[in-house]
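This is my_file04.txt (compact mmCIF, C-alpha atoms).
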# COMPACT_ATOMS: atom_id res chain seq x y z
CA MET A 18 22.76 3.05 -22.35
CA ALA A 19 24.93 2.38 -19.30
CA LEU A 20 26.71 5.70 -19.80
CA MET A 21 23.39 7.54 -19.89
CA VAL A 22 22.25 5.82 -16.68
CA LYS A 23 25.54 6.65 -14.93
CA ARG A 24 25.24 10.29 -16.02
CA LEU A 25 21.65 10.44 -14.77
CA ILE A 26 22.61 8.91 -11.41
CA HIS A 27 25.56 11.33 -11.12
CA GLN A 28 23.26 14.28 -11.84
CA ILE A 29 20.69 13.09 -9.31
CA LYS A 30 23.33 12.64 -6.59
CA HIS A 31 24.79 16.08 -7.24
CA LYS A 32 21.38 17.73 -7.84
CA MET A 33 22.35 19.00 -11.25
CA ARG A 34 19.82 19.93 -13.87
CA VAL A 35 19.26 17.21 -16.42
CA PRO A 36 19.62 18.49 -20.00
CA VAL A 37 16.54 18.19 -22.17
CA GLU A 38 17.52 15.82 -24.95
CA TRP A 39 14.07 15.23 -26.44
CA ARG A 40 11.21 17.57 -27.23
CA SER A 41 7.94 16.53 -28.81
CA ALA A 42 7.84 19.59 -31.09
CA SER A 43 11.47 19.61 -32.25
CA ARG A 44 12.54 20.00 -35.87
CA GLU A 45 14.00 16.50 -35.78
CA ASN A 46 10.62 15.01 -34.84
CA TYR A 47 8.95 17.12 -37.54
CA LYS A 48 11.30 15.66 -40.15
CA LEU A 49 10.59 12.12 -38.90
CA PHE A 50 6.86 12.82 -39.11
CA CYS A 51 7.18 14.11 -42.71
CA LYS A 52 9.21 11.07 -43.68
CA LYS A 53 6.70 8.65 -42.12
CA TYR A 54 3.58 10.41 -43.49
CA PRO A 55 4.51 12.04 -46.83
CA HIS A 56 0.85 12.34 -47.89
CA ILE A 57 0.13 14.82 -45.03
CA LYS A 58 1.32 18.31 -45.96
CA LEU A 59 1.92 20.52 -42.93
CA SER A 60 4.39 23.31 -42.34
CA TYR A 61 6.56 23.15 -39.23
CA THR A 62 4.58 25.89 -37.47
CA GLU A 63 1.24 24.16 -38.21
CA TRP A 64 2.62 20.86 -36.94
CA GLU A 65 4.04 22.52 -33.82
CA ASN A 66 0.72 24.28 -33.11
CA ILE A 67 -1.17 20.98 -33.34
CA ILE A 68 1.13 19.39 -30.76
CA TYR A 69 0.96 22.36 -28.38
CA GLN A 70 -2.84 22.59 -28.72
CA TYR A 71 -3.20 18.90 -27.90
CA ASN A 72 -0.99 19.31 -24.82
CA GLU A 73 -2.94 22.37 -23.69
CA SER A 74 -6.33 20.69 -24.13
CA TYR A 75 -5.10 17.57 -22.29
CA LYS A 76 -3.87 19.74 -19.41
CA GLU A 77 -7.13 21.71 -19.26
CA TYR A 78 -9.17 18.49 -19.30
CA LEU A 79 -7.23 17.07 -16.35
CA LEU A 80 -7.56 20.33 -14.42
CA GLU A 81 -11.31 20.57 -15.03
CA THR A 82 -12.27 16.93 -14.38
CA GLY A 83 -9.62 15.49 -12.05
CA ASN A 84 -9.86 12.17 -13.90
CA LYS A 85 -7.04 9.72 -14.44
CA GLU A 86 -6.44 9.64 -18.20
CA LYS A 87 -4.18 7.63 -20.48
CA LEU A 88 -1.71 9.12 -22.91
CA PRO A 89 -1.45 7.51 -26.35
CA LEU A 90 1.27 5.03 -27.34
CA GLY A 91 1.43 3.43 -23.90
CA LEU A 92 3.01 6.41 -22.15
CA GLY A 93 0.91 5.82 -19.04
CA ASP A 94 -1.76 7.59 -17.03
CA PHE A 95 -1.77 11.15 -15.74
CA SER A 96 -3.85 12.81 -13.08
CA ILE A 97 -3.80 15.42 -10.38
CA ILE A 98 -3.15 13.81 -7.03
CA LYS A 99 -4.39 14.94 -3.66
CA LYS A 100 -2.36 13.95 -0.59
CA LYS A 101 -2.19 14.69 3.07
CA ARG A 102 1.28 15.17 4.50
CA LYS A 103 2.54 12.59 6.95
CA ARG A 104 2.82 14.02 10.43
CA MET A 105 6.31 13.60 11.73
CA THR A 106 7.36 15.12 15.01
CA GLY A 107 10.79 16.35 15.95
CA LYS A 108 12.16 17.96 19.09
CA ASN A 109 9.54 19.55 21.36
CA ASP A 110 6.71 17.83 19.41
CA GLU A 111 6.99 20.21 16.44
CA TYR A 112 5.97 19.11 12.96
CA VAL A 113 9.03 18.76 10.76
CA ASN A 114 7.42 17.48 7.56
CA LEU A 115 5.40 20.61 6.80
CA PRO A 116 6.37 23.15 4.14
CA ILE A 117 7.99 26.31 5.46
CA ASP A 118 6.38 29.69 4.81
CA TRP A 119 9.57 31.56 3.94
CA GLN A 120 8.02 35.03 3.81
CA LYS A 121 6.68 34.81 7.39
CA THR A 122 9.88 33.08 8.55
CA ARG A 123 11.99 36.03 7.38
CA GLU A 124 9.61 38.51 9.02
CA LYS A 125 9.50 36.75 12.41
CA GLY A 126 13.07 35.43 12.49
CA LYS A 127 12.03 31.85 13.30
CA LEU A 128 10.61 28.92 11.34
CA ILE A 129 6.93 29.32 10.49
CA TYR A 130 5.22 26.33 8.86
CA ASN A 131 2.46 26.48 6.27
CA PHE A 132 -0.41 24.29 7.49
CA ASN A 133 -2.52 24.62 4.30
CA TYR A 134 -5.69 25.43 6.24
CA HIS A 135 -7.44 26.58 3.04
CA THR A 136 -7.07 23.04 1.62
CA GLU A 137 -7.76 21.21 4.90
CA GLY A 138 -4.12 20.09 5.11
CA PHE A 139 -3.97 18.54 1.64
CA PHE A 140 -1.45 19.34 -1.05
CA PHE A 141 -1.92 18.78 -4.75
CA GLY A 142 0.38 17.90 -7.61
CA TRP A 143 0.64 16.39 -11.07
CA GLN A 144 1.17 12.64 -11.07
CA TRP A 145 2.41 10.32 -13.79
CA PHE A 146 1.49 6.71 -13.02
CA ARG A 147 4.66 5.00 -14.14
CA LYS A 148 3.35 1.47 -13.57
CA SER A 149 0.74 1.95 -16.29
CA ALA A 150 3.41 2.91 -18.86
CA ARG A 151 4.03 0.26 -21.50
CA PHE A 152 7.61 0.89 -22.56
CA LYS A 153 10.99 -0.43 -21.46
CA HIS A 154 12.89 1.28 -18.68
CA SER A 155 9.98 3.50 -17.69
CA ASN A 156 11.41 3.51 -14.17
CA MET A 157 14.35 5.58 -15.44
CA TRP A 158 12.09 8.44 -16.52
CA PHE A 159 10.38 11.04 -14.35
CA PHE A 160 7.81 13.73 -14.94
CA LYS A 161 8.29 17.31 -13.83
CA PRO A 162 5.61 19.79 -14.84
CA THR A 163 6.59 23.26 -15.96
CA ARG A 164 6.33 26.12 -13.49
CA VAL A 165 3.41 27.57 -15.46
CA THR A 166 1.50 24.27 -15.20
CA SER A 167 2.14 23.97 -11.47
CA ARG A 168 1.10 27.57 -10.85
CA LEU A 169 -2.05 27.00 -12.89
CA LEU A 170 -2.97 24.08 -10.61
CA ALA A 171 -2.39 26.32 -7.56
CA HIS A 172 -4.60 28.98 -9.15
CA TYR A 173 -7.43 26.49 -9.72
CA ILE A 174 -7.29 25.37 -6.09
CA LYS A 175 -7.18 28.88 -4.63
CA VAL A 176 -9.91 30.39 -6.83
CA ASP A 177 -12.63 27.75 -6.45
CA ASN A 178 -13.10 25.26 -3.60
CA LYS A 179 -14.88 22.76 -5.86
CA TYR A 180 -11.53 21.70 -7.36
CA GLN A 181 -10.27 20.55 -3.96
CA HIS A 182 -13.07 18.00 -3.91
CA ILE A 183 -12.80 16.98 -7.59
CA TYR A 184 -9.21 15.80 -7.28
CA LYS A 185 -8.81 12.35 -5.75
CA GLU A 186 -6.33 10.58 -3.52
CA TRP A 187 -4.93 8.07 -6.02
CA ALA A 188 -2.89 5.07 -4.89
CA VAL A 189 0.48 5.50 -6.58
Could you express the structure from this file as structure tokens?
Amino acid sequence: MALMVKRLIHQIKHKMRVPVEWRSASRENYKLFCKKYPHIKLSYTEWENIIYQYNESYKEYLLETGNKEKLPLGLGDFSIIKKKRKRMTGKNDEYVNLPIDWQKTREKGKLIYNFNYHTEGFFFGWQWFRKSARFKHSNMWFFKPTRVTSRLLAHYIKVDNKYQHIYKEWAV
């Protein structure tokens, strides 16, 4: 356990990618499932499809409703969070905590910030509420959504303004 923690801290300090050591739809988990429930007869592909369909429907539900929902087995709550960036000023009273619009920056040759006018200055993201998780060492885990999931959230926000108002500012 201590070795794993040291490796994780080393990777965080050096900004290395953390290897994925556990997947919900792995063959190993399928074998454990078959061993635990021998009366349920499913092929690996059927079992994998069930897991992926559950994950997809859970994701779609959160995107459509904006609710804070629990995962089974005490894994905690998930939601889409809405936040306003803190305004921090630097030299010459410029905002330094805003995201940079790299395309316009390259065109103009100087830093151009993205003010998110279309979302009234808010930014959105997936949030795992770690404090609601009911397992040991939950503070050692983190949640990072896939690029597809993050881009889907951006698509929802850009296509329809109602989603900007559905998502809430949760206290983390």
Can you tell me, as a PyMOL selection string, what residues are no more than 12 Å from Ser41 (chain A) when counting all atoms listed in the file, ignoring any on the same chain fewer than 2 positions away?
chain A and resi 37-39+43-50+64-69+71-72
Identify the residues around (2.7, 21.4, -18.5) within a radius of 8 Å, measuring from all atoms listed in the file in the coordinates stated by the file, and give them as a VMD selection string.
chain A and resid 72 to 73 76 162 to 167
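For the atom pair formed by CA of Lys99 (chain A) and CA of Glu186 (chain A), the distance is 4.8 Å, given to one decimal.
Closest to Glu77 (chain A) among A:Ile98, A:Leu90, A:Ile117, A:Leu170 is A:Leu170, based on all atoms listed in the file.
If you measure from each of A:Lys103, A:Lys121, A:Lys87, A:His182 to Lys148 (chain A) using only C-alpha atoms, the closest one turns out to be A:Lys87.
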What does the structure give for the distance between CA of Gly83 (chain A) and CA of Ser96 (chain A), in Å to one decimal?
6.4 Å
Please compute the CA of Trp145 (chain A)-CA of Val176 (chain A) distance, one decimal, in Å.
24.6 Å
Which residues are close to Pro116 (chain A), i.e. within 8 Å by only C-alpha atoms, leaving aside same-chain residues fewer than 2 positions away? Reply as a ChimeraX atom specification.
/A:114,118,130-132
Based on the selection just made, write C-alpha atoms of those residues as a PDB file, keeping the file's coordinate frame.
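Full text of out_7.pdb as output:
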ATOM      1  CA  ASN A 114       7.420  17.480   7.560  1.00  0.00           C
ATOM      2  CA  ASP A 118       6.380  29.690   4.810  1.00  0.00           C
ATOM      3  CA  TYR A 130       5.220  26.330   8.860  1.00  0.00           C
ATOM      4  CA  ASN A 131       2.460  26.480   6.270  1.00  0.00           C
ATOM      5  CA  PHE A 132      -0.410  24.290   7.490  1.00  0.00           C
TER       6      PHE A 132
END
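With all atoms listed in the file as the atoms that count, the residue of A:Arg147, A:His172, A:Trp158, A:Ile183 with the shortest distance to Gly93 (chain A) is A:Arg147.
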Contact check, region 97-175 of chain A to region 78-81 of chain A, at most 10 Å, counting all atoms listed in the file, closest pairs as CSV:
residue,atom,partner,partner_atom,distance
A:Ile97,CA,A:Leu79,CA,7.1
A:Trp143,CA,A:Leu79,CA,9.5
A:Thr166,CA,A:Leu80,CA,9.9
A:Leu169,CA,A:Leu80,CA,8.8
A:Leu170,CA,A:Leu80,CA,7.0
A:Tyr173,CA,A:Leu80,CA,7.7
A:Ile174,CA,A:Leu80,CA,9.7
Would you save the residues of that selection, restricted to C-alpha atoms, as a PDB file, keeping the file's coordinate frame?
ATOM      1  CA  ILE A  97      -3.800  15.420 -10.380  1.00  0.00           C
ATOM      2  CA  TRP A 143       0.640  16.390 -11.070  1.00  0.00           C
ATOM      3  CA  THR A 166       1.500  24.270 -15.200  1.00  0.00           C
ATOM      4  CA  LEU A 169      -2.050  27.000 -12.890  1.00  0.00           C
ATOM      5  CA  LEU A 170      -2.970  24.080 -10.610  1.00  0.00           C
ATOM      6  CA  TYR A 173      -7.430  26.490  -9.720  1.00  0.00           C
ATOM      7  CA  ILE A 174      -7.290  25.370  -6.090  1.00  0.00           C
TER       8      ILE A 174
END
What lies within 12 Å of Gln120 (chain A) using only C-alpha atoms, ignoring chain neighbours under 5 positions off, as an mmCIF file with C-alpha atoms, keeping the file's coordinate frame?
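Okay, result.cif is ready:
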data_model
loop_
_atom_site.group_PDB
_atom_site.id
_atom_site.type_symbol
_atom_site.label_atom_id
_atom_site.label_comp_id
_atom_site.auth_asym_id
_atom_site.auth_seq_id
_atom_site.Cartn_x
_atom_site.Cartn_y
_atom_site.Cartn_z
ATOM 1 C CA LYS A 125 9.500 36.750 12.410
ATOM 2 C CA GLY A 126 13.070 35.430 12.490
ATOM 3 C CA LYS A 127 12.030 31.850 13.300
ATOM 4 C CA LEU A 128 10.610 28.920 11.340
ATOM 5 C CA ILE A 129 6.930 29.320 10.490
ATOM 6 C CA TYR A 130 5.220 26.330 8.860
ATOM 7 C CA ASN A 131 2.460 26.480 6.270
#
Distance cut-off 12 Å, centre (-10.5, 21.4, 4.8) in file coordinates, counting all atoms listed in the file: which residues qualify? Return them as an NGL selection string.
:A and (101 or 132-140 or 178-179 or 181-182)
Just checking: using all atoms listed in the file, which residue out of A:Arg123, A:Lys185, A:Lys108, A:Lys175 ends up closest to Gln144 (chain A)?
A:Lys185
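Compared by their closest atoms to Phe141 (chain A), and using only C-alpha atoms, the residues A:Lys100, A:Leu115, A:Trp187, A:Glu124 rank with A:Lys100 nearest.
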